[in-house]
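**Q** Questions regarding the structure given below will be posed in turn.
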Amino acid sequence: MALNGMQIYKLLPRKNCKECGFPTCLAFAMKLAQGGTEAEKCPYMSEEAKAQLAEATAPPMKTVKFGRGDTEYTLGGETVLFRHEKTFVNRPRFAILFSDTMTEDEIKTRIDHINAIDYTRINEEMYIEVGAFRCESQDKDKFTSLIKNVTESCPKIVPMIITENPEIAKAALDISAEKGPILFGATADNYEDMVKLAKENNLLLGVTADGKENLYELVQKIQNAGYKELLLDAKSRNLKGAFDDMVNIRRTALLSGDRTFGYPTAAFVCDMSTDKMMQLACASLFVEKYASIIVLSDMDYAMALPLFALRQNIYTDPQRPMRIEQDVYKIGPADEESPLLVTVDFALTYFIVSGEVERSKVPAWILIPDAGGYSVLTAWAAGKFNAKSIAKALKEFDVENKVKTREMIIPGKVAVLKADIEDELPGWKVIVGPEEAAALPNFLKKYKEQNKAS
Amino acid sequence: MEQNDETLQMPIISPVSFEAWKVKESVVTQEDIPEWGPQEERGIAMEISSAVGVLTAGANAVILRHPRSVEVIRNFITEMTE
């Protein structure tokens with residue numbers, strides 16, 4: 001549990017030497033309690049006191065990593081149960097299940113899906129990060145050749161090796177250790193060997209036991225064996241049970257401050273239903289409710305779109321409005337003959353609008369005034385997106401010298417601004433665009449044809 | 001308006017279908033972006049995922065459009081509450 005300033009003070013030498021940069025030991029202790037400085041700054045603290053302090057000031061949930069280089073991912077490190085309390089920090093990663101008893105066709109379909117899915121939304125490129133390999137044949141060679149085949153076809157995925165047999169795990173690691181795989185399957189029976197393998201290769205170790213009580217005991221044993229890079233699984237393979245595991249494990253870590261459960265968790269959605277849409281429903285739940293690795297039987301583009309969008313929405317920081325810099329942006333090879341659109345500086349809006357303009361293949365300019373970082377209707381209601389702010393941006397970014405057109409396309413939702421803008425900017429004509437960005441491609445194509453005709 | 005405000009302590013209904021079926025991910029045709037696959041599937045998926053989202057956040061009822069989404073969400077609620 002966290003210590004307060006007075007408790008920390010008692011651990012300090014109390015000689016007021018000032019070498020830490022603070023006037024007194026008490027001032028240093030107070031700052032330390034707030035997390036404003038580091039214990040190492042005190043040169044006279046005993047080793048024992050240091051260890052006690054490190055334990056007390058460590059975050060309640062550990063941050064762990066897997067993968068290597070460009071495909072290294074961070075899990076855990078959460079500090080709140082609900083996003084609105086502060087923010088969630090490390091998004092879950094999606095895994096597709098491969099088993100060494102699957103047919104060639106089943107494997108091929110999954111490989112194709114992994115290679116096809118590459119979805120960019122609000123400037124984030126998203127794809128399937130993990131290939132979960134489950135050894136069901138108990139045949140070492142069969143298992144390793146599956147891993148080889150899939151990782152060669154999908155170089156971007158990080159393997160998750162699922163087996164409870166240390167010998168098979170070792171064979172799988174021999175061909176995949178450099179990718180920083182997740183080693184999944186430390187149990188009460190094999191944990192000594194598994195910890196050794198994980199330690200040697202510096203890997204994230206999956207810990208799996210029947211039920212939370214057994215899992216708790218096993219994690220304690222593994223911690224005592226000196227390993228703390230863990231991913232937990234209490235083995236419920238039905239929706240309600242798994243939900244209960246996730247919530248209880250996270251609550252134990254954050255509310256009770258019990259670090260035995262202060263690790264990220266895995267959800268095996270692949271075992272909860274054979275219906276892909278039901279798996280999508282389960283995966284959506286675990287994006288919100290605390291899984292860090294979500295294993296699905298398969299994921300096609302239709303499932304990927306809502307899952308990636310949901311994850312992005314949940315794992316952005318609600319304390320910081322995502323704003324885009326005010327400017328006039330060029331979409332495609334826009335020139336002085338290209339049309340001009342206006343929207344707000346809320347990042348979500350900008351990236352959706354610019355994405356649709358790109359899709360239309362009509363090169364265009366997008367003017368972004370200072371609209372307070374709100375969405376179109378909110379900014380309009382707050383008086384931030386109006387004739388004045390638009391006129392100001394038009395002058396500031398020298399739009400009249402960049403384009404020949406004297407027409408600007410405004411979002412359909414704020415059609416009421418038309419007259420105001422035309423009053424504020426003599427010589428300009430306002431065209432009311434569609435209400436939804438998705439209608440922009442058709443709108444721009446028609447707009448371009450009309451302008452050609454006239 | 002504040003926490004524990006009595007006027008806010010009513011069941012919540014969420015019109016998921018109106019939102020889910022108008023976003024780009026559901027309205028783009030397959031000719032437009034072939035790699036995304038059949039449009040209907042995408043709409044159903046968007047509707048299911050959004051419904052789970054609002055139900056988890058505390059919605060007491062959701063409005064859905066597609067019979068397949070209704071079937072899945074009904075299953076989901078049954079499994080979660082049984």
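In the structure tokens, chains take letters A, B, ... by order of appearance, with residues numbered from 1 within each chain and ligands from 1 in the order shown.
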List as a list in words the protein and nucleic acid residues near A:Lys108, meaning an atom at most 12 Å away when only C-alpha atoms are counted, but skip any in the same chain fewer than 6 places from it.
**A**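 In the requested format, the answer is Phe98, Met102, Ile114, Asn115, Leu146, Asn149, Val150, Ser153, Cys154 and Asp298 of chain A.
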**Q** Please identify all polymer residues within 8 Å of A:Ile128, counting only C-alpha atoms, omitting same-chain residues fewer than 4 positions from it, and present them as a list in words.
**A** Arg93, Phe94, Ala95, Ile96, Ile114, Ile117 and Ile157 of chain A
**Q** So that I can see what lies close to A:Arg14, please list as a ChimeraX atom specification the residues with an atom at most 9 Å from it, counting only C-alpha atoms and leaving out residues fewer than 2 positions away in the same chain.
**A** /A:9-12,16-17,24-26
**Q** Write out the residues from the selection above, keeping C-alpha atoms, as a tab-separated table (two decimals), in the first residue's frame.
**A**
chain	number	residue	atom	x	y	z
A	9	TYR	CA	9.91	10.37	6.81
A	10	LYS	CA	10.43	7.62	9.38
A	11	LEU	CA	12.40	5.61	6.81
A	12	LEU	CA	14.74	8.50	6.05
A	16	ASN	CA	18.71	17.24	6.92
A	17	CYS	CA	21.89	17.13	4.81
A	24	THR	CA	14.79	19.10	5.08
A	25	CYS	CA	14.18	15.37	5.15
A	26	LEU	CA	10.53	16.10	5.88
**Q** Find the spatial neighbours of B:Thr78, counting only C-alpha atoms, within a cut-off of 12 Å - ignore same-chain residues fewer than 5 positions away - and output them as a ChimeraX atom specification.
**A** /A:239-240 /B:71-73
**Q** Dump N, CA and C atoms for the selected residues as an mmCIF file, in the first residue's frame?
**A**
data_model
loop_
_atom_site.group_PDB
_atom_site.id
_atom_site.type_symbol
_atom_site.label_atom_id
_atom_site.label_comp_id
_atom_site.auth_asym_id
_atom_site.auth_seq_id
_atom_site.Cartn_x
_atom_site.Cartn_y
_atom_site.Cartn_z
ATOM 1 N N LEU A 239 -18.822 -16.396 -20.984
ATOM 2 C CA LEU A 239 -18.855 -14.943 -20.962
ATOM 3 C C LEU A 239 -18.963 -14.383 -19.543
ATOM 4 N N LYS A 240 -19.944 -14.870 -18.797
ATOM 5 C CA LYS A 240 -20.185 -14.289 -17.480
ATOM 6 C C LYS A 240 -19.021 -14.556 -16.525
ATOM 7 N N GLU B 71 -30.658 -11.075 -32.393
ATOM 8 C CA GLU B 71 -30.385 -12.440 -31.936
ATOM 9 C C GLU B 71 -29.119 -12.481 -31.074
ATOM 10 N N VAL B 72 -28.048 -11.858 -31.568
ATOM 11 C CA VAL B 72 -26.767 -11.912 -30.851
ATOM 12 C C VAL B 72 -26.848 -11.143 -29.535
ATOM 13 N N ILE B 73 -27.428 -9.960 -29.559
ATOM 14 C CA ILE B 73 -27.489 -9.146 -28.340
ATOM 15 C C ILE B 73 -28.415 -9.802 -27.304
#
**Q** List every residue of chain B that has an atom at most 6 Å from any atom of chain A, and for each one report the closest atom pair and its distance in Å to one decimal, counting only C-alpha atoms, with rows sorted by chain and then by increasing residue number, as JSON lines.
**A**
{"residue": "B:Lys24", "atom": "CA", "partner": "A:Ala438", "partner_atom": "CA", "distance": 5.3}
{"residue": "B:Trp36", "atom": "CA", "partner": "A:Tyr301", "partner_atom": "CA", "distance": 5.4}
{"residue": "B:Arg42", "atom": "CA", "partner": "A:Ala302", "partner_atom": "CA", "distance": 4.5}
{"residue": "B:Ala45", "atom": "CA", "partner": "A:Met303", "partner_atom": "CA", "distance": 5.9}
{"residue": "B:Met46", "atom": "CA", "partner": "A:Pro306", "partner_atom": "CA", "distance": 5.2}
{"residue": "B:Ser49", "atom": "CA", "partner": "A:Ala281", "partner_atom": "CA", "distance": 5.7}
{"residue": "B:Val72", "atom": "CA", "partner": "A:Met278", "partner_atom": "CA", "distance": 5.9}
{"residue": "B:Met80", "atom": "CA", "partner": "A:Lys240", "partner_atom": "CA", "distance": 5.0}
**Q** Restricting the output to C-alpha atoms, write the selected residues as an mmCIF file, in the first residue's frame.
**A**
data_model
loop_
_atom_site.group_PDB
_atom_site.id
_atom_site.type_symbol
_atom_site.label_atom_id
_atom_site.label_comp_id
_atom_site.auth_asym_id
_atom_site.auth_seq_id
_atom_site.Cartn_x
_atom_site.Cartn_y
_atom_site.Cartn_z
ATOM 1 C CA LYS B 24 -18.725 5.251 -42.828
ATOM 2 C CA TRP B 36 -13.800 -4.391 -46.373
ATOM 3 C CA ARG B 42 -20.216 -4.513 -41.485
ATOM 4 C CA ALA B 45 -20.979 -5.891 -36.666
ATOM 5 C CA MET B 46 -21.067 -2.161 -35.978
ATOM 6 C CA SER B 49 -20.321 -3.835 -30.971
ATOM 7 C CA VAL B 72 -26.767 -11.912 -30.851
ATOM 8 C CA MET B 80 -24.468 -12.087 -18.847
#
**Q** Residues of chain B classed as alpha helix (DSSP H) by DSSP on the backbone are to be reported as a PDB file with N, CA and C atoms, in the first residue's frame.
**A**
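Saved result, result-v6.pdb, follows:
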ATOM      1  N   VAL B  16     -29.137   2.666 -30.691  1.00  0.00           N
ATOM      2  CA  VAL B  16     -27.901   2.221 -31.332  1.00  0.00           C
ATOM      3  C   VAL B  16     -28.015   2.181 -32.857  1.00  0.00           C
ATOM      4  N   SER B  17     -29.158   1.686 -33.350  1.00  0.00           N
ATOM      5  CA  SER B  17     -29.263   1.444 -34.796  1.00  0.00           C
ATOM      6  C   SER B  17     -29.095   2.716 -35.615  1.00  0.00           C
ATOM      7  N   PHE B  18     -29.650   3.833 -35.127  1.00  0.00           N
ATOM      8  CA  PHE B  18     -29.578   5.082 -35.907  1.00  0.00           C
ATOM      9  C   PHE B  18     -28.130   5.501 -36.136  1.00  0.00           C
ATOM     10  N   GLU B  19     -27.303   5.295 -35.112  1.00  0.00           N
ATOM     11  CA  GLU B  19     -25.901   5.699 -35.219  1.00  0.00           C
ATOM     12  C   GLU B  19     -25.095   4.655 -35.985  1.00  0.00           C
ATOM     13  N   ALA B  20     -25.293   3.391 -35.617  1.00  0.00           N
ATOM     14  CA  ALA B  20     -24.439   2.335 -36.168  1.00  0.00           C
ATOM     15  C   ALA B  20     -24.577   2.202 -37.685  1.00  0.00           C
ATOM     16  N   LYS B  24     -19.408   5.656 -41.599  1.00  0.00           N
ATOM     17  CA  LYS B  24     -18.725   5.251 -42.828  1.00  0.00           C
ATOM     18  C   LYS B  24     -18.532   3.736 -42.910  1.00  0.00           C
ATOM     19  N   GLU B  25     -18.150   3.121 -41.769  1.00  0.00           N
ATOM     20  CA  GLU B  25     -17.856   1.687 -41.760  1.00  0.00           C
ATOM     21  C   GLU B  25     -19.062   0.846 -42.200  1.00  0.00           C
ATOM     22  N   SER B  26     -20.285   1.376 -42.034  1.00  0.00           N
ATOM     23  CA  SER B  26     -21.472   0.628 -42.462  1.00  0.00           C
ATOM     24  C   SER B  26     -22.039   1.102 -43.795  1.00  0.00           C
ATOM     25  N   VAL B  27     -21.756   2.322 -44.204  1.00  0.00           N
ATOM     26  CA  VAL B  27     -22.419   2.826 -45.421  1.00  0.00           C
ATOM     27  C   VAL B  27     -21.595   2.700 -46.695  1.00  0.00           C
ATOM     28  N   GLN B  39     -21.253  -5.189 -47.230  1.00  0.00           N
ATOM     29  CA  GLN B  39     -21.715  -4.036 -46.463  1.00  0.00           C
ATOM     30  C   GLN B  39     -22.629  -4.445 -45.302  1.00  0.00           C
ATOM     31  N   GLU B  40     -23.523  -5.409 -45.561  1.00  0.00           N
ATOM     32  CA  GLU B  40     -24.492  -5.796 -44.534  1.00  0.00           C
ATOM     33  C   GLU B  40     -23.792  -6.338 -43.287  1.00  0.00           C
ATOM     34  N   GLU B  41     -22.777  -7.184 -43.498  1.00  0.00           N
ATOM     35  CA  GLU B  41     -21.987  -7.748 -42.393  1.00  0.00           C
ATOM     36  C   GLU B  41     -21.397  -6.637 -41.539  1.00  0.00           C
ATOM     37  N   ARG B  42     -20.868  -5.615 -42.206  1.00  0.00           N
ATOM     38  CA  ARG B  42     -20.216  -4.513 -41.485  1.00  0.00           C
ATOM     39  C   ARG B  42     -21.226  -3.752 -40.640  1.00  0.00           C
ATOM     40  N   GLY B  43     -22.413  -3.556 -41.189  1.00  0.00           N
ATOM     41  CA  GLY B  43     -23.453  -2.856 -40.437  1.00  0.00           C
ATOM     42  C   GLY B  43     -23.876  -3.649 -39.205  1.00  0.00           C
ATOM     43  N   ILE B  44     -24.046  -4.954 -39.386  1.00  0.00           N
ATOM     44  CA  ILE B  44     -24.428  -5.820 -38.261  1.00  0.00           C
ATOM     45  C   ILE B  44     -23.350  -5.771 -37.186  1.00  0.00           C
ATOM     46  N   ALA B  45     -22.094  -5.890 -37.623  1.00  0.00           N
ATOM     47  CA  ALA B  45     -20.979  -5.891 -36.666  1.00  0.00           C
ATOM     48  C   ALA B  45     -20.932  -4.563 -35.907  1.00  0.00           C
ATOM     49  N   MET B  46     -21.112  -3.473 -36.613  1.00  0.00           N
ATOM     50  CA  MET B  46     -21.067  -2.161 -35.978  1.00  0.00           C
ATOM     51  C   MET B  46     -22.206  -2.033 -34.967  1.00  0.00           C
ATOM     52  N   GLU B  47     -23.366  -2.567 -35.333  1.00  0.00           N
ATOM     53  CA  GLU B  47     -24.532  -2.486 -34.455  1.00  0.00           C
ATOM     54  C   GLU B  47     -24.323  -3.322 -33.183  1.00  0.00           C
ATOM     55  N   ILE B  48     -23.772  -4.524 -33.338  1.00  0.00           N
ATOM     56  CA  ILE B  48     -23.547  -5.406 -32.187  1.00  0.00           C
ATOM     57  C   ILE B  48     -22.514  -4.802 -31.237  1.00  0.00           C
ATOM     58  N   SER B  49     -21.401  -4.363 -31.801  1.00  0.00           N
ATOM     59  CA  SER B  49     -20.321  -3.835 -30.971  1.00  0.00           C
ATOM     60  C   SER B  49     -20.777  -2.573 -30.219  1.00  0.00           C
ATOM     61  N   SER B  50     -21.508  -1.699 -30.913  1.00  0.00           N
ATOM     62  CA  SER B  50     -21.989  -0.473 -30.268  1.00  0.00           C
ATOM     63  C   SER B  50     -22.994  -0.795 -29.168  1.00  0.00           C
ATOM     64  N   ALA B  51     -23.860  -1.791 -29.420  1.00  0.00           N
ATOM     65  CA  ALA B  51     -24.865  -2.158 -28.420  1.00  0.00           C
ATOM     66  C   ALA B  51     -24.183  -2.688 -27.162  1.00  0.00           C
ATOM     67  N   VAL B  52     -23.155  -3.536 -27.325  1.00  0.00           N
ATOM     68  CA  VAL B  52     -22.419  -4.034 -26.163  1.00  0.00           C
ATOM     69  C   VAL B  52     -21.799  -2.854 -25.416  1.00  0.00           C
ATOM     70  N   GLY B  53     -21.267  -1.912 -26.168  1.00  0.00           N
ATOM     71  CA  GLY B  53     -20.654  -0.733 -25.556  1.00  0.00           C
ATOM     72  C   GLY B  53     -21.612   0.020 -24.656  1.00  0.00           C
ATOM     73  N   VAL B  54     -22.815   0.337 -25.167  1.00  0.00           N
ATOM     74  CA  VAL B  54     -23.746   1.129 -24.343  1.00  0.00           C
ATOM     75  C   VAL B  54     -24.378   0.292 -23.234  1.00  0.00           C
ATOM     76  N   LEU B  55     -24.558  -1.010 -23.476  1.00  0.00           N
ATOM     77  CA  LEU B  55     -25.097  -1.867 -22.404  1.00  0.00           C
ATOM     78  C   LEU B  55     -24.106  -1.950 -21.238  1.00  0.00           C
ATOM     79  N   THR B  56     -22.828  -2.070 -21.574  1.00  0.00           N
ATOM     80  CA  THR B  56     -21.791  -2.120 -20.533  1.00  0.00           C
ATOM     81  C   THR B  56     -21.754  -0.802 -19.763  1.00  0.00           C
ATOM     82  N   PRO B  67     -32.218  -8.219 -37.653  1.00  0.00           N
ATOM     83  CA  PRO B  67     -32.609  -9.391 -36.855  1.00  0.00           C
ATOM     84  C   PRO B  67     -31.404 -10.172 -36.308  1.00  0.00           C
ATOM     85  N   ARG B  68     -30.320 -10.197 -37.075  1.00  0.00           N
ATOM     86  CA  ARG B  68     -29.119 -10.911 -36.626  1.00  0.00           C
ATOM     87  C   ARG B  68     -28.528 -10.211 -35.386  1.00  0.00           C
ATOM     88  N   SER B  69     -28.521  -8.887 -35.381  1.00  0.00           N
ATOM     89  CA  SER B  69     -28.007  -8.160 -34.210  1.00  0.00           C
ATOM     90  C   SER B  69     -28.887  -8.428 -33.000  1.00  0.00           C
ATOM     91  N   VAL B  70     -30.197  -8.452 -33.224  1.00  0.00           N
ATOM     92  CA  VAL B  70     -31.133  -8.707 -32.128  1.00  0.00           C
ATOM     93  C   VAL B  70     -30.845 -10.078 -31.521  1.00  0.00           C
ATOM     94  N   GLU B  71     -30.658 -11.075 -32.393  1.00  0.00           N
ATOM     95  CA  GLU B  71     -30.385 -12.440 -31.936  1.00  0.00           C
ATOM     96  C   GLU B  71     -29.119 -12.481 -31.074  1.00  0.00           C
ATOM     97  N   VAL B  72     -28.048 -11.858 -31.568  1.00  0.00           N
ATOM     98  CA  VAL B  72     -26.767 -11.912 -30.851  1.00  0.00           C
ATOM     99  C   VAL B  72     -26.848 -11.143 -29.535  1.00  0.00           C
ATOM    100  N   ILE B  73     -27.428  -9.960 -29.559  1.00  0.00           N
ATOM    101  CA  ILE B  73     -27.489  -9.146 -28.340  1.00  0.00           C
ATOM    102  C   ILE B  73     -28.415  -9.802 -27.304  1.00  0.00           C
ATOM    103  N   ARG B  74     -29.467 -10.457 -27.796  1.00  0.00           N
ATOM    104  CA  ARG B  74     -30.348 -11.174 -26.868  1.00  0.00           C
ATOM    105  C   ARG B  74     -29.558 -12.289 -26.160  1.00  0.00           C
ATOM    106  N   ASN B  75     -28.775 -13.039 -26.957  1.00  0.00           N
ATOM    107  CA  ASN B  75     -27.902 -14.074 -26.383  1.00  0.00           C
ATOM    108  C   ASN B  75     -26.928 -13.485 -25.374  1.00  0.00           C
ATOM    109  N   PHE B  76     -26.346 -12.383 -25.775  1.00  0.00           N
ATOM    110  CA  PHE B  76     -25.338 -11.724 -24.936  1.00  0.00           C
ATOM    111  C   PHE B  76     -25.935 -11.357 -23.579  1.00  0.00           C
ATOM    112  N   ILE B  77     -27.115 -10.743 -23.617  1.00  0.00           N
ATOM    113  CA  ILE B  77     -27.753 -10.314 -22.369  1.00  0.00           C
ATOM    114  C   ILE B  77     -28.116 -11.538 -21.516  1.00  0.00           C
ATOM    115  N   THR B  78     -28.645 -12.572 -22.171  1.00  0.00           N
ATOM    116  CA  THR B  78     -29.005 -13.779 -21.430  1.00  0.00           C
ATOM    117  C   THR B  78     -27.782 -14.375 -20.740  1.00  0.00           C
ATOM    118  N   GLU B  79     -26.689 -14.507 -21.481  1.00  0.00           N
ATOM    119  CA  GLU B  79     -25.482 -15.100 -20.893  1.00  0.00           C
ATOM    120  C   GLU B  79     -24.919 -14.268 -19.762  1.00  0.00           C
ATOM    121  N   MET B  80     -25.039 -12.965 -19.873  1.00  0.00           N
ATOM    122  CA  MET B  80     -24.468 -12.087 -18.847  1.00  0.00           C
ATOM    123  C   MET B  80     -25.323 -12.058 -17.575  1.00  0.00           C
ATOM    124  N   THR B  81     -26.616 -12.333 -17.727  1.00  0.00           N
ATOM    125  CA  THR B  81     -27.499 -12.125 -16.576  1.00  0.00           C
ATOM    126  C   THR B  81     -28.019 -13.421 -15.963  1.00  0.00           C
TER     127      THR B  81
END
**Q** Which one is closest to A:Arg259: A:Val219, A:Val403, A:Gln52, A:Glu424? Count only C-alpha atoms.
**A** A:Val219
**Q** Excluding A:Val430 and any residue of its chain fewer than 2 positions from it, enumerate the residues within 9 Å of it, using only C-alpha atoms, and give them as a list in words.
**A**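 In the requested format, the answer is Arg406, Glu407, Met408, Ile409, Ile410, Leu417, Lys418, Ala419, Ile421, Glu422, Trp428 and Val432 of chain A.
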**Q** Any chance you can output those residues with C-alpha atoms as a CSV table (one decimal), in the first residue's frame?
**A**
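The resulting file, result-v3.csv, is reproduced below:
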chain,number,residue,atom,x,y,z
A,406,ARG,CA,-15.0,32.3,-53.9
A,407,GLU,CA,-17.2,29.4,-52.7
A,408,MET,CA,-16.8,27.6,-49.4
A,409,ILE,CA,-18.5,24.3,-48.5
A,410,ILE,CA,-19.7,24.2,-44.9
A,417,LEU,CA,-24.3,30.0,-40.7
A,418,LYS,CA,-24.7,30.6,-44.5
A,419,ALA,CA,-26.1,34.1,-44.3
A,421,ILE,CA,-20.7,34.1,-43.3
A,422,GLU,CA,-21.8,35.8,-46.5
A,428,TRP,CA,-17.9,34.8,-50.9
A,432,VAL,CA,-24.2,23.9,-47.7
**Q** Can you check which residues of chain B DSSP gives as strand (DSSP E) on the backbone and send them as a ChimeraX atom specification?
**A** /B:13-14,61-62
**Q** Keeping only C-alpha atoms, take the residues you just selected and write them out as a short mmCIF file (atom, residue, chain, number, x, y, z; two decimals), in the first residue's frame.
**A**
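Once written, out_20.cif looks like this:
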data_model
loop_
_atom_site.label_atom_id
_atom_site.label_comp_id
_atom_site.auth_asym_id
_atom_site.auth_seq_id
_atom_site.Cartn_x
_atom_site.Cartn_y
_atom_site.Cartn_z
CA ILE B 13 -32.72 3.57 -23.78
CA SER B 14 -30.06 3.87 -26.47
CA ALA B 61 -32.60 -1.00 -23.44
CA VAL B 62 -31.19 -0.75 -26.94
#
**Q** What is the distance, in Å and to one decimal place, between atom CA of A:Ser137 and atom CA of A:Asn201?
**A**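 Straight-line distance from atom CA of A:Ser137 to atom CA of A:Asn201 works out to 24.7 Å.
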**Q** In Å, with one decimal, what is the gap from atom CA of A:Leu230 to atom CA of A:Asp245?
**A**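 Separation of atom CA of A:Leu230 and atom CA of A:Asp245: 16.0 Å.
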**Q** Taking a cut-off of 10 Å and counting only C-alpha atoms, can you build a table that, for each residue of stretch 90-148 of chain A near stretch 54-71 of chain A, reports the nearest atom pair and how far apart they are in Å (one decimal), sorted by chain then residue number, as a tab-separated table?
**A**
residue	atom	partner	partner_atom	distance
A:Asn90	CA	A:Thr63	CA	8.7
A:Glu129	CA	A:Thr71	CA	7.8
A:Val130	CA	A:Gly67	CA	9.2
**Q** Output C-alpha atoms for every residue in that selection, as a PDB file, in the first residue's frame.
**A**
ATOM      1  CA  ASN A  90      -2.333   0.732 -22.527  1.00  0.00           C
ATOM      2  CA  GLU A 129      -0.888  -7.647 -33.487  1.00  0.00           C
ATOM      3  CA  VAL A 130      -0.721 -11.195 -32.157  1.00  0.00           C
TER       4      VAL A 130
END
**Q** To one decimal in Å, tell me the separation between atom CA of A:Lys228 and atom CA of A:Lys196.
**A** 12.3 Å
**Q** Tell me which of A:Ile162, A:Ala27, A:Val195, A:Val353 sits closest to A:Glu136, counting only C-alpha atoms.
**A**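 Using only C-alpha atoms, the shortest distance to A:Glu136 belongs to A:Ile162.
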